[in-house]
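File shown: run09.pdb (PDB, C-alpha atoms, pLDDT in the B column).
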```pdb
ATOM      1  CA  MET A  30      36.517-116.017  -1.050  1.00 75.00           C
ATOM      2  CA  LYS A  31      34.637-114.047  -3.691  1.00 91.00           C
ATOM      3  CA  LEU A  32      34.142-111.118  -1.305  1.00 90.00           C
ATOM      4  CA  LYS A  33      37.889-111.026  -0.667  1.00 89.00           C
ATOM      5  CA  LYS A  34      38.548-110.757  -4.410  1.00 92.00           C
ATOM      6  CA  MET A  35      36.040-107.927  -4.714  1.00 93.00           C
ATOM      7  CA  VAL A  36      37.742-106.067  -1.855  1.00 92.00           C
ATOM      8  CA  GLU A  37      41.139-106.580  -3.485  1.00 91.00           C
ATOM      9  CA  ARG A  38      39.810-105.096  -6.725  1.00 92.00           C
ATOM     10  CA  ALA A  39      38.277-102.156  -4.870  1.00 91.00           C
ATOM     11  CA  ILE A  40      41.529-101.228  -3.127  1.00 90.00           C
ATOM     12  CA  GLU A  41      44.076-101.930  -5.864  1.00 88.00           C
ATOM     13  CA  ASP A  42      44.317 -98.264  -6.942  1.00 83.00           C
ATOM     14  CA  ARG A  43      44.403 -96.763  -3.447  1.00 83.00           C
ATOM     15  CA  ARG A  44      47.593 -95.131  -2.196  1.00 84.00           C
ATOM     16  CA  GLU A  45      47.338 -96.062   1.475  1.00 81.00           C
ATOM     17  CA  THR A  46      48.131 -99.506   2.821  1.00 81.00           C
ATOM     18  CA  ILE A  47      45.086-101.603   3.552  1.00 82.00           C
ATOM     19  CA  GLU A  48      45.345-104.940   5.293  1.00 81.00           C
ATOM     20  CA  ILE A  49      42.886-107.714   4.483  1.00 83.00           C
ATOM     21  CA  GLU A  50      42.363-110.391   7.080  1.00 79.00           C
ATOM     22  CA  GLU A  51      40.236-113.432   6.452  1.00 79.00           C
ATOM     23  CA  CYS A  52      38.560-114.760   9.597  1.00 78.00           C
ATOM     24  CA  ASN A  53      36.970-118.155   9.465  1.00 75.00           C
ATOM     25  CA  ASP A  54      36.820-118.923  13.161  1.00 76.00           C
ATOM     26  CA  LYS A  55      33.731-118.857  15.335  1.00 80.00           C
ATOM     27  CA  ASN A  56      35.157-116.298  17.795  1.00 81.00           C
ATOM     28  CA  ALA A  57      35.535-113.665  15.057  1.00 79.00           C
ATOM     29  CA  LYS A  58      31.944-114.250  13.963  1.00 80.00           C
ATOM     30  CA  LEU A  59      30.736-113.784  17.528  1.00 84.00           C
ATOM     31  CA  LYS A  60      32.894-110.697  18.104  1.00 87.00           C
ATOM     32  CA  PHE A  61      31.460-108.862  15.119  1.00 87.00           C
ATOM     33  CA  HIS A  62      27.950-110.371  15.389  1.00 87.00           C
ATOM     34  CA  VAL A  63      28.054-111.883  11.904  1.00 87.00           C
ATOM     35  CA  SER A  64      25.112-114.229  11.557  1.00 86.00           C
ATOM     36  CA  ASN A  65      25.174-114.642   7.765  1.00 86.00           C
ATOM     37  CA  ILE A  66      28.403-115.174   5.891  1.00 85.00           C
ATOM     38  CA  PRO A  67      30.180-113.647   4.100  1.00 89.00           C
ATOM     39  CA  GLY A  68      30.621-110.629   6.336  1.00 89.00           C
ATOM     40  CA  LEU A  69      32.658-107.506   5.685  1.00 90.00           C
ATOM     41  CA  VAL A  70      34.140-105.745   8.715  1.00 90.00           C
ATOM     42  CA  ILE A  71      36.082-102.492   8.359  1.00 89.00           C
ATOM     43  CA  ASN A  72      37.704-100.877  11.408  1.00 87.00           C
ATOM     44  CA  ASP A  73      35.815-103.218  13.754  1.00 87.00           C
ATOM     45  CA  LYS A  74      32.461-102.194  12.251  1.00 89.00           C
ATOM     46  CA  LEU A  75      30.233-104.685  10.454  1.00 90.00           C
ATOM     47  CA  ILE A  76      29.567-103.212   7.010  1.00 92.00           C
ATOM     48  CA  SER A  77      27.645-106.025   5.372  1.00 92.00           C
ATOM     49  CA  GLU A  78      26.715-109.631   5.869  1.00 91.00           C
ATOM     50  CA  GLY A  79      25.075-112.325   3.829  1.00 91.00           C
ATOM     51  CA  LYS A  80      26.005-110.947   0.408  1.00 92.00           C
ATOM     52  CA  VAL A  81      28.992-110.153  -1.764  1.00 94.00           C
ATOM     53  CA  LEU A  82      29.266-106.428  -2.325  1.00 94.00           C
ATOM     54  CA  THR A  83      30.245-105.049  -5.715  1.00 95.00           C
ATOM     55  CA  VAL A  84      33.524-103.210  -6.241  1.00 94.00           C
ATOM     56  CA  ARG A  85      31.616 -99.921  -6.462  1.00 94.00           C
ATOM     57  CA  GLU A  86      29.785-100.559  -3.181  1.00 95.00           C
ATOM     58  CA  ILE A  87      33.060-101.354  -1.388  1.00 93.00           C
ATOM     59  CA  GLN A  88      34.747 -98.256  -2.798  1.00 92.00           C
ATOM     60  CA  LYS A  89      31.820 -96.127  -1.615  1.00 93.00           C
ATOM     61  CA  VAL A  90      32.201 -97.486   1.924  1.00 91.00           C
ATOM     62  CA  LEU A  91      35.938 -96.800   1.915  1.00 88.00           C
ATOM     63  CA  THR A  92      35.588 -93.133   0.926  1.00 84.00           C
TER      64      THR A  92
END
```
Could you write out this structure as structure tokens?
Amino acid sequence: MKLKKMVERAIEDRRETIEIEECNDKNAKLKFHVSNIPGLVINDKLISEGKVLTVREIQKVLT
């Protein structure tokens, strides 16, 4: 939940539409090979797992 808020803060000033999807089911975890939650997946690529990224770190990944 905290990671989702950080992502929302990171994208609030962006012009393009970005969709946030929260996946809590086991199949999503297996699909993206997330072993430690929370996990951040962007465009079907696992960006981070096991920690909450800062707004700056998320913005850096998105650019």
*Around (35.0, -96.6, -3.1) in the file's frame, which residues reach within 12 Å when counting all atoms listed in the file? Return as a ChimeraX atom specification?*
/A:35-43,82-92
*Write out as a VMD selection string which residues come within 9 Å of Glu51 of chain A when counting only C-alpha atoms, dropping same-chain ones fewer than 2 positions away.*
chain A and resid 30 33 49 53
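Relative to atom CA of Asn65 of chain A, atom CA of Glu78 of chain A is found at 5.6 Å.
When the distance limit is 9 Å and all atoms listed in the file are what count, the residues near Lys74 of chain A, minus those fewer than 4 positions from it on the same chain, are A:Phe61, A:Leu69, A:Val70.
Atom CA of Lys58 of chain A lies 29.5 Å from atom CA of Arg44 of chain A.
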*Can you pull out every residue within 8 Å of Gly68 of chain A, counting only C-alpha atoms, but drop anything in the same chain fewer than 3 positions away, and send it as a list in words?*
Val63, Asn65, Leu75, Ile76, Ser77, Glu78, Gly79 and Lys80 of chain A
*Name all residues at most 8 Å from Val81 of chain A (count only C-alpha atoms; drop same-chain ones fewer than 6 positions away) and give them as a list in words.*
Lys31, Leu32, Met35 and Pro67 of chain A
Output as a short mmCIF file (atom, residue, chain, number, x, y, z; two decimals), in the frame of the given file: segment 35-69 of chain A, completed with N, CA and C atoms.
```cif
data_model
loop_
_atom_site.label_atom_id
_atom_site.label_comp_id
_atom_site.auth_asym_id
_atom_site.auth_seq_id
_atom_site.Cartn_x
_atom_site.Cartn_y
_atom_site.Cartn_z
N MET A 35 36.68 -109.20 -4.43
CA MET A 35 36.04 -107.93 -4.71
C MET A 35 36.70 -106.80 -3.92
N VAL A 36 37.05 -107.07 -2.67
CA VAL A 36 37.74 -106.07 -1.86
C VAL A 36 39.11 -105.76 -2.45
N GLU A 37 39.82 -106.79 -2.87
CA GLU A 37 41.14 -106.58 -3.48
C GLU A 37 41.03 -105.71 -4.74
N ARG A 38 40.02 -105.93 -5.54
CA ARG A 38 39.81 -105.10 -6.72
C ARG A 38 39.48 -103.66 -6.34
N ALA A 39 38.70 -103.49 -5.29
CA ALA A 39 38.28 -102.16 -4.87
C ALA A 39 39.44 -101.33 -4.33
N ILE A 40 40.44 -101.98 -3.75
CA ILE A 40 41.53 -101.23 -3.13
C ILE A 40 42.81 -101.20 -3.96
N GLU A 41 42.82 -101.82 -5.11
CA GLU A 41 44.08 -101.93 -5.86
C GLU A 41 44.64 -100.59 -6.32
N ASP A 42 43.83 -99.57 -6.49
CA ASP A 42 44.32 -98.26 -6.94
C ASP A 42 44.50 -97.26 -5.80
N ARG A 43 44.29 -97.69 -4.58
CA ARG A 43 44.40 -96.76 -3.45
C ARG A 43 45.86 -96.61 -3.04
N ARG A 44 46.20 -95.44 -2.56
CA ARG A 44 47.59 -95.13 -2.20
C ARG A 44 47.96 -95.65 -0.81
N GLU A 45 47.02 -95.63 0.12
CA GLU A 45 47.34 -96.06 1.48
C GLU A 45 47.37 -97.58 1.58
N THR A 46 48.02 -98.07 2.59
CA THR A 46 48.13 -99.51 2.82
C THR A 46 46.87 -99.99 3.53
N ILE A 47 46.28 -101.02 2.97
CA ILE A 47 45.09 -101.60 3.55
C ILE A 47 45.35 -103.08 3.75
N GLU A 48 45.11 -103.55 4.96
CA GLU A 48 45.34 -104.94 5.29
C GLU A 48 44.04 -105.71 5.24
N ILE A 49 44.06 -106.85 4.57
CA ILE A 49 42.89 -107.71 4.48
C ILE A 49 43.15 -108.94 5.33
N GLU A 50 42.23 -109.23 6.22
CA GLU A 50 42.36 -110.39 7.08
C GLU A 50 41.13 -111.25 6.92
N GLU A 51 41.34 -112.50 6.63
CA GLU A 51 40.24 -113.43 6.45
C GLU A 51 40.04 -114.20 7.75
N CYS A 52 38.86 -114.10 8.32
CA CYS A 52 38.56 -114.76 9.60
C CYS A 52 37.51 -115.84 9.37
N ASN A 53 37.90 -117.04 9.64
CA ASN A 53 36.97 -118.16 9.46
C ASN A 53 36.60 -118.81 10.79
N ASP A 54 37.11 -118.27 11.89
CA ASP A 54 36.82 -118.92 13.16
C ASP A 54 35.54 -118.38 13.82
N LYS A 55 35.01 -119.17 14.69
CA LYS A 55 33.73 -118.86 15.34
C LYS A 55 33.84 -117.64 16.25
N ASN A 56 34.98 -117.44 16.89
CA ASN A 56 35.16 -116.30 17.80
C ASN A 56 35.06 -114.97 17.05
N ALA A 57 35.62 -114.89 15.86
CA ALA A 57 35.53 -113.66 15.06
C ALA A 57 34.09 -113.38 14.66
N LYS A 58 33.35 -114.42 14.32
CA LYS A 58 31.94 -114.25 13.96
C LYS A 58 31.13 -113.74 15.15
N LEU A 59 31.44 -114.23 16.33
CA LEU A 59 30.74 -113.78 17.53
C LEU A 59 31.13 -112.36 17.90
N LYS A 60 32.41 -112.03 17.75
CA LYS A 60 32.89 -110.70 18.10
C LYS A 60 32.21 -109.61 17.27
N PHE A 61 32.03 -109.86 16.00
CA PHE A 61 31.46 -108.86 15.12
C PHE A 61 29.97 -109.08 14.85
N HIS A 62 29.39 -110.07 15.51
CA HIS A 62 27.95 -110.37 15.39
C HIS A 62 27.54 -110.67 13.95
N VAL A 63 28.36 -111.47 13.28
CA VAL A 63 28.05 -111.88 11.90
C VAL A 63 27.21 -113.15 11.99
N SER A 64 25.97 -113.05 11.53
CA SER A 64 25.11 -114.23 11.56
C SER A 64 25.01 -114.88 10.18
N ASN A 65 25.21 -114.11 9.13
CA ASN A 65 25.17 -114.64 7.76
C ASN A 65 26.49 -114.35 7.07
N ILE A 66 27.13 -115.39 6.57
CA ILE A 66 28.40 -115.17 5.89
C ILE A 66 28.16 -115.04 4.39
N PRO A 67 28.96 -114.33 3.66
CA PRO A 67 30.18 -113.65 4.10
C PRO A 67 29.85 -112.34 4.80
N GLY A 68 30.77 -111.90 5.65
CA GLY A 68 30.62 -110.63 6.34
C GLY A 68 31.83 -109.75 6.06
N LEU A 69 31.58 -108.47 5.92
CA LEU A 69 32.66 -107.51 5.68
C LEU A 69 32.73 -106.58 6.88
#
```
